2 protein chains.
Amino acid sequence: MPQQAEQPAANGAPSLGPLPGYVGFNLRRAQVASFRHLERTAGSLNLTPGQFSLLTFLEANPGVSQKTVSQELGVDTSTLTPVLDGLANRQLIRRGRADHDRRTYALSLTPSGTRLLNRMRARIEAQETEMAAALSPGEREDLLNMLERICLRLESNG
Amino acid sequence: MPQQAEQPAANGAPSLGPLPGYVGFNLRRAQVASFRHLERTAGSLNLTPGQFSLLTFLEANPGVSQKTVSQELGVDTSTLTPVLDGLANRQLIRRGRADHDRRTYALSLTPSGTRLLNRMRARIEAQETEMAAALSPGEREDLLNMLERICLRLESNG
DNA sequence: TATTGTTATACTCTATAACTATA
DNA sequence: TATAGTTATAGAGTATAACAATA
């Protein structure tokens, strides 16, 4: 399956063997590189990529419950609770109880949450520009497309 | 930067907003999908993707030190130590002291490490086949290529 | 002094199971 | 009984700093 030949470590330099030929390995590497790059370029805002996704989701869907966030972002509600605690303590989100069902929260951004999200979005988009610079025109859209197809395939199979 | 239009949540279905238009977001999603799929299809072998990479690296480079592994796979030596402890306890790797420098280890696979690696490799390559089935011919190689270019770009910039 | 590796420690992310409160 | 959310707990993964042994 690895379509790229293994590089023999003839010289004494270490070789990654078949690893560079695996999509899974490269996916992991690129994702780690992206997190580390963001840590360097946006670390001062104290928002992880996961927290950014969360705030972005709340901006697009004000009033949603924690259950909905859990389902749509693919993390357990027990994982979400402490994350939301942190964002609420920082006054970035509001956690109003819903009128119709007092078990559920209605989550939304505060004005300061919206401001921080906008600042973070600029850093995220700077990284997207950086990544796009490594691609030729059209490749970026192909890449988004392929990644989505891979997700769907893996989630429906095996 | 997100080139795909946001889907308005007109119907009441939640929307991911601009997230599907970010490469970083899709990278993360695909990587998580890959880990979870592997957990389902290869969990019984008790080898994480990281441990698989490690064993593969040792097979390609028998006799390397922990420092070299650390550098080539991009994890701190203090992270590596307990991982290698676990693999050595399971008799999957050998940790001989090097003759020329008694500080360094010479790491290599045991026969049973090689056998387990071969079994895991079959599961990994089955996943690669599964992912390739979501792509058209040629796309897989393009994808490997793009992911590598993105890594290089992010590691050299910002 | 510098380097290899270990340890202590800490923080994040993740989940399962048992729980509270509401429905 | 069922559902939304919390808590206790546990495990993987990651790193920094201080350390021991060796060079």
# chains A, B, ... in the order shown; residues from 1 in each chain; ligands from 1
>>> interface_residues(of="chain D", to="chain B", cutoff="9 Å", atoms="only C-alpha atoms (C1' of nucleotides)", output="list of chain:residue names")
D:DG13, D:DT14, D:DA15, D:DA21, D:DT22, D:DA23
>>> write_last_selection(atoms="N, CA, C and O atoms (P, O5', C5', C4', C3', O3' and C1' of nucleotides)", output="JSON list (two decimals), in the first residue's frame")
[["chain", "number", "residue", "atom", "x", "y", "z"],
["D", 13, "DG", "P", -0.77, 7.04, 23.57],
["D", 13, "DG", "O5'", -0.47, 8.60, 23.69],
["D", 13, "DG", "C5'", -1.40, 9.53, 23.15],
["D", 13, "DG", "C4'", -0.93, 10.90, 23.53],
["D", 13, "DG", "C3'", 0.58, 11.10, 23.35],
["D", 13, "DG", "O3'", 0.79, 12.01, 22.27],
["D", 13, "DG", "C1'", -0.20, 12.00, 25.41],
["D", 14, "DT", "P", 2.27, 12.30, 21.73],
["D", 14, "DT", "O5'", 2.75, 13.53, 22.65],
["D", 14, "DT", "C5'", 2.11, 14.78, 22.49],
["D", 14, "DT", "C4'", 2.41, 15.67, 23.64],
["D", 14, "DT", "C3'", 3.87, 15.84, 23.99],
["D", 14, "DT", "O3'", 4.54, 16.68, 23.08],
["D", 14, "DT", "C1'", 2.44, 15.88, 25.91],
["D", 15, "DA", "P", 6.14, 16.90, 23.17],
["D", 15, "DA", "O5'", 6.35, 17.88, 24.42],
["D", 15, "DA", "C5'", 5.59, 19.08, 24.50],
["D", 15, "DA", "C4'", 5.79, 19.72, 25.87],
["D", 15, "DA", "C3'", 7.26, 19.93, 26.21],
["D", 15, "DA", "O3'", 7.56, 21.32, 26.24],
["D", 15, "DA", "C1'", 6.08, 18.87, 28.01],
["D", 21, "DA", "P", 24.16, 7.67, 39.76],
["D", 21, "DA", "O5'", 24.62, 7.51, 38.25],
["D", 21, "DA", "C5'", 23.83, 6.72, 37.37],
["D", 21, "DA", "C4'", 24.45, 6.78, 35.99],
["D", 21, "DA", "C3'", 25.95, 6.45, 35.97],
["D", 21, "DA", "O3'", 26.11, 5.46, 34.97],
["D", 21, "DA", "C1'", 25.52, 8.49, 34.84],
["D", 22, "DT", "P", 27.58, 4.83, 34.66],
["D", 22, "DT", "O5'", 28.09, 5.77, 33.49],
["D", 22, "DT", "C5'", 27.39, 5.74, 32.26],
["D", 22, "DT", "C4'", 27.93, 6.83, 31.39],
["D", 22, "DT", "C3'", 29.42, 6.71, 31.06],
["D", 22, "DT", "O3'", 29.49, 6.23, 29.73],
["D", 22, "DT", "C1'", 28.70, 8.95, 31.41],
["D", 23, "DA", "P", 30.94, 6.06, 29.04],
["D", 23, "DA", "O5'", 31.21, 7.52, 28.50],
["D", 23, "DA", "C5'", 30.35, 8.04, 27.48],
["D", 23, "DA", "C4'", 30.81, 9.43, 27.09],
["D", 23, "DA", "C3'", 32.29, 9.52, 26.77],
["D", 23, "DA", "O3'", 32.43, 9.48, 25.36],
["D", 23, "DA", "C1'", 31.49, 11.39, 28.08]]
>>> closest_atom_pairs(of="chain B", to="chain A", cutoff="6 Å", atoms="only C-alpha atoms", output="JSON lines")
{"residue": "B:Leu16", "atom": "CA", "partner": "A:Phe57", "partner_atom": "CA", "distance": 5.7}
{"residue": "B:Gly17", "atom": "CA", "partner": "A:Ala60", "partner_atom": "CA", "distance": 5.5}
{"residue": "B:Leu27", "atom": "CA", "partner": "A:Gln31", "partner_atom": "CA", "distance": 5.8}
{"residue": "B:Arg28", "atom": "CA", "partner": "A:Gln31", "partner_atom": "CA", "distance": 5.9}
{"residue": "B:Ala30", "atom": "CA", "partner": "A:Cys151", "partner_atom": "CA", "distance": 5.1}
{"residue": "B:Gln31", "atom": "CA", "partner": "A:Leu27", "partner_atom": "CA", "distance": 5.8}
{"residue": "B:Ala33", "atom": "CA", "partner": "A:Cys151", "partner_atom": "CA", "distance": 5.9}
{"residue": "B:Phe57", "atom": "CA", "partner": "A:Leu16", "partner_atom": "CA", "distance": 5.7}
{"residue": "B:Ala60", "atom": "CA", "partner": "A:Gly17", "partner_atom": "CA", "distance": 5.5}
{"residue": "B:Met131", "atom": "CA", "partner": "A:Ile150", "partner_atom": "CA", "distance": 5.6}
{"residue": "B:Ala134", "atom": "CA", "partner": "A:Arg149", "partner_atom": "CA", "distance": 5.8}
{"residue": "B:Arg149", "atom": "CA", "partner": "A:Ala134", "partner_atom": "CA", "distance": 5.8}
{"residue": "B:Ile150", "atom": "CA", "partner": "A:Met131", "partner_atom": "CA", "distance": 5.6}
{"residue": "B:Cys151", "atom": "CA", "partner": "A:Ala30", "partner_atom": "CA", "distance": 5.2}
>>> write_last_selection(atoms="C-alpha atoms", output="short mmCIF file (atom, residue, chain, number, x, y, z; two decimals), in the first residue's frame")
data_model
loop_
_atom_site.label_atom_id
_atom_site.label_comp_id
_atom_site.auth_asym_id
_atom_site.auth_seq_id
_atom_site.Cartn_x
_atom_site.Cartn_y
_atom_site.Cartn_z
CA LEU B 16 -20.76 24.16 11.58
CA GLY B 17 -20.49 27.68 10.19
CA LEU B 27 -7.13 17.81 9.16
CA ARG B 28 -8.10 17.37 12.79
CA ALA B 30 -9.77 13.22 9.50
CA GLN B 31 -7.02 12.42 11.98
CA ALA B 33 -11.59 9.58 12.40
CA PHE B 57 11.03 3.19 12.83
CA ALA B 60 14.00 0.47 9.57
CA MET B 131 -9.18 5.57 2.76
CA ALA B 134 -12.74 7.33 -0.95
CA ARG B 149 4.22 20.30 1.76
CA ILE B 150 1.92 21.70 4.46
CA CYS B 151 4.11 20.21 7.20
#
>>> closest_atom_pairs(of="chain C", to="chain A", cutoff="12 Å", atoms="only C-alpha atoms (C1' of nucleotides)", output="JSON lines")
{"residue": "C:DT12", "atom": "C1'", "partner": "A:Thr48", "partner_atom": "CA", "distance": 10.1}
{"residue": "C:DC13", "atom": "C1'", "partner": "A:Thr79", "partner_atom": "CA", "distance": 8.0}
{"residue": "C:DT14", "atom": "C1'", "partner": "A:Thr79", "partner_atom": "CA", "distance": 7.0}
{"residue": "C:DA15", "atom": "C1'", "partner": "A:Asp76", "partner_atom": "CA", "distance": 7.4}
{"residue": "C:DT16", "atom": "C1'", "partner": "A:Ser78", "partner_atom": "CA", "distance": 9.6}
{"residue": "C:DA17", "atom": "C1'", "partner": "A:Ser78", "partner_atom": "CA", "distance": 11.2}
{"residue": "C:DT20", "atom": "C1'", "partner": "A:Arg103", "partner_atom": "CA", "distance": 10.6}
{"residue": "C:DA21", "atom": "C1'", "partner": "A:Arg103", "partner_atom": "CA", "distance": 6.9}
{"residue": "C:DT22", "atom": "C1'", "partner": "A:Arg103", "partner_atom": "CA", "distance": 5.5}
{"residue": "C:DA23", "atom": "C1'", "partner": "A:Asp101", "partner_atom": "CA", "distance": 7.6}
>>> write_last_selection(atoms="N, CA and C atoms (P, O5', C5', C4', C3', O3' and C1' of nucleotides)", output="mmCIF file, in the first residue's frame")
data_model
loop_
_atom_site.group_PDB
_atom_site.id
_atom_site.type_symbol
_atom_site.label_atom_id
_atom_site.label_comp_id
_atom_site.auth_asym_id
_atom_site.auth_seq_id
_atom_site.Cartn_x
_atom_site.Cartn_y
_atom_site.Cartn_z
ATOM 1 P P DT C 12 -4.387 23.016 31.065
ATOM 2 O "O5'" DT C 12 -4.662 21.998 29.865
ATOM 3 C "C5'" DT C 12 -3.754 21.989 28.768
ATOM 4 C "C4'" DT C 12 -4.098 20.835 27.852
ATOM 5 C "C3'" DT C 12 -5.602 20.738 27.555
ATOM 6 O "O3'" DT C 12 -5.736 20.737 26.140
ATOM 7 C "C1'" DT C 12 -4.704 18.629 28.184
ATOM 8 P P DC C 13 -7.208 20.886 25.463
ATOM 9 O "O5'" DC C 13 -7.576 19.365 25.162
ATOM 10 C "C5'" DC C 13 -6.683 18.579 24.378
ATOM 11 C "C4'" DC C 13 -7.134 17.136 24.444
ATOM 12 C "C3'" DC C 13 -8.655 16.970 24.322
ATOM 13 O "O3'" DC C 13 -8.913 16.195 23.160
ATOM 14 C "C1'" DC C 13 -7.752 15.618 26.054
ATOM 15 P P DT C 14 -10.397 16.038 22.577
ATOM 16 O "O5'" DT C 14 -10.896 14.709 23.302
ATOM 17 C "C5'" DT C 14 -10.288 13.478 22.953
ATOM 18 C "C4'" DT C 14 -10.571 12.449 24.001
ATOM 19 C "C3'" DT C 14 -12.016 12.319 24.439
ATOM 20 O "O3'" DT C 14 -12.790 11.669 23.455
ATOM 21 C "C1'" DT C 14 -10.460 11.865 26.196
ATOM 22 P P DA C 15 -14.379 11.433 23.634
ATOM 23 O "O5'" DA C 15 -14.518 10.210 24.661
ATOM 24 C "C5'" DA C 15 -13.758 9.030 24.459
ATOM 25 C "C4'" DA C 15 -13.849 8.140 25.677
ATOM 26 C "C3'" DA C 15 -15.281 7.843 26.109
ATOM 27 O "O3'" DA C 15 -15.535 6.450 25.989
ATOM 28 C "C1'" DA C 15 -13.936 8.572 27.972
ATOM 29 P P DT C 16 -17.056 5.900 26.286
ATOM 30 O "O5'" DT C 16 -17.007 5.315 27.773
ATOM 31 C "C5'" DT C 16 -15.930 4.501 28.188
ATOM 32 C "C4'" DT C 16 -16.182 4.038 29.622
ATOM 33 C "C3'" DT C 16 -17.639 3.657 29.922
ATOM 34 O "O3'" DT C 16 -17.616 2.545 30.810
ATOM 35 C "C1'" DT C 16 -16.984 5.434 31.321
ATOM 36 P P DA C 17 -19.049 1.821 31.242
ATOM 37 O "O5'" DA C 17 -19.288 2.357 32.733
ATOM 38 C "C5'" DA C 17 -18.170 2.548 33.591
ATOM 39 C "C4'" DA C 17 -18.667 3.033 34.946
ATOM 40 C "C3'" DA C 17 -20.127 2.695 35.239
ATOM 41 O "O3'" DA C 17 -20.247 2.383 36.625
ATOM 42 C "C1'" DA C 17 -19.849 5.042 35.219
ATOM 43 P P DT C 20 -27.257 11.490 43.974
ATOM 44 O "O5'" DT C 20 -27.524 12.789 43.091
ATOM 45 C "C5'" DT C 20 -26.555 13.822 43.033
ATOM 46 C "C4'" DT C 20 -27.165 15.015 42.311
ATOM 47 C "C3'" DT C 20 -28.599 15.316 42.743
ATOM 48 O "O3'" DT C 20 -28.728 16.727 42.859
ATOM 49 C "C1'" DT C 20 -28.535 14.912 40.400
ATOM 50 P P DA C 21 -30.109 17.379 43.400
ATOM 51 O "O5'" DA C 21 -30.826 17.755 42.030
ATOM 52 C "C5'" DA C 21 -30.367 18.854 41.247
ATOM 53 C "C4'" DA C 21 -31.280 18.952 40.030
ATOM 54 C "C3'" DA C 21 -32.750 18.788 40.421
ATOM 55 O "O3'" DA C 21 -33.443 20.027 40.594
ATOM 56 C "C1'" DA C 21 -32.167 17.428 38.517
ATOM 57 P P DT C 22 -33.935 20.991 39.461
ATOM 58 O "O5'" DT C 22 -34.807 20.240 38.390
ATOM 59 C "C5'" DT C 22 -34.739 20.785 37.099
ATOM 60 C "C4'" DT C 22 -35.137 19.766 36.080
ATOM 61 C "C3'" DT C 22 -36.622 19.790 35.734
ATOM 62 O "O3'" DT C 22 -36.765 20.585 34.594
ATOM 63 C "C1'" DT C 22 -35.643 17.612 35.640
ATOM 64 P P DA C 23 -38.294 20.867 34.088
ATOM 65 O "O5'" DA C 23 -38.645 19.509 33.342
ATOM 66 C "C5'" DA C 23 -37.929 19.202 32.143
ATOM 67 C "C4'" DA C 23 -38.422 17.890 31.587
ATOM 68 C "C3'" DA C 23 -39.927 17.829 31.420
ATOM 69 O "O3'" DA C 23 -40.222 18.124 30.069
ATOM 70 C "C1'" DA C 23 -38.990 15.784 32.289
#
>>> atom_distance(atom1="CA of Arg115 (chain A)", atom2="C1' of DA4 (chain D)")
29.2 Å
>>> atom_distance(atom1="C1' of DT16 (chain D)", atom2="CA of Tyr105 (chain B)")
23.0 Å
>>> select_by_dssp(residues="chain B", states="alpha helix (DSSP H)", output="ChimeraX atom specification")
/B:23-42,49-60,66-73,77-89,111-132,139-156
>>> select_by_dssp(residues="region 67-152 of chain A", states="strand (DSSP E or B)", output="ChimeraX atom specification")
/A:93-97,105-109
>>> closest_residue(among="B:Gln51, B:Asn89, B:Pro82, B:Ser108", to="DG5 (chain C)", atoms="only C-alpha atoms (C1' of nucleotides)")
B:Pro82
>>> atom_distance(atom1="C1' of DT9 (chain D)", atom2="CA of Thr81 (chain B)")
25.1 Å
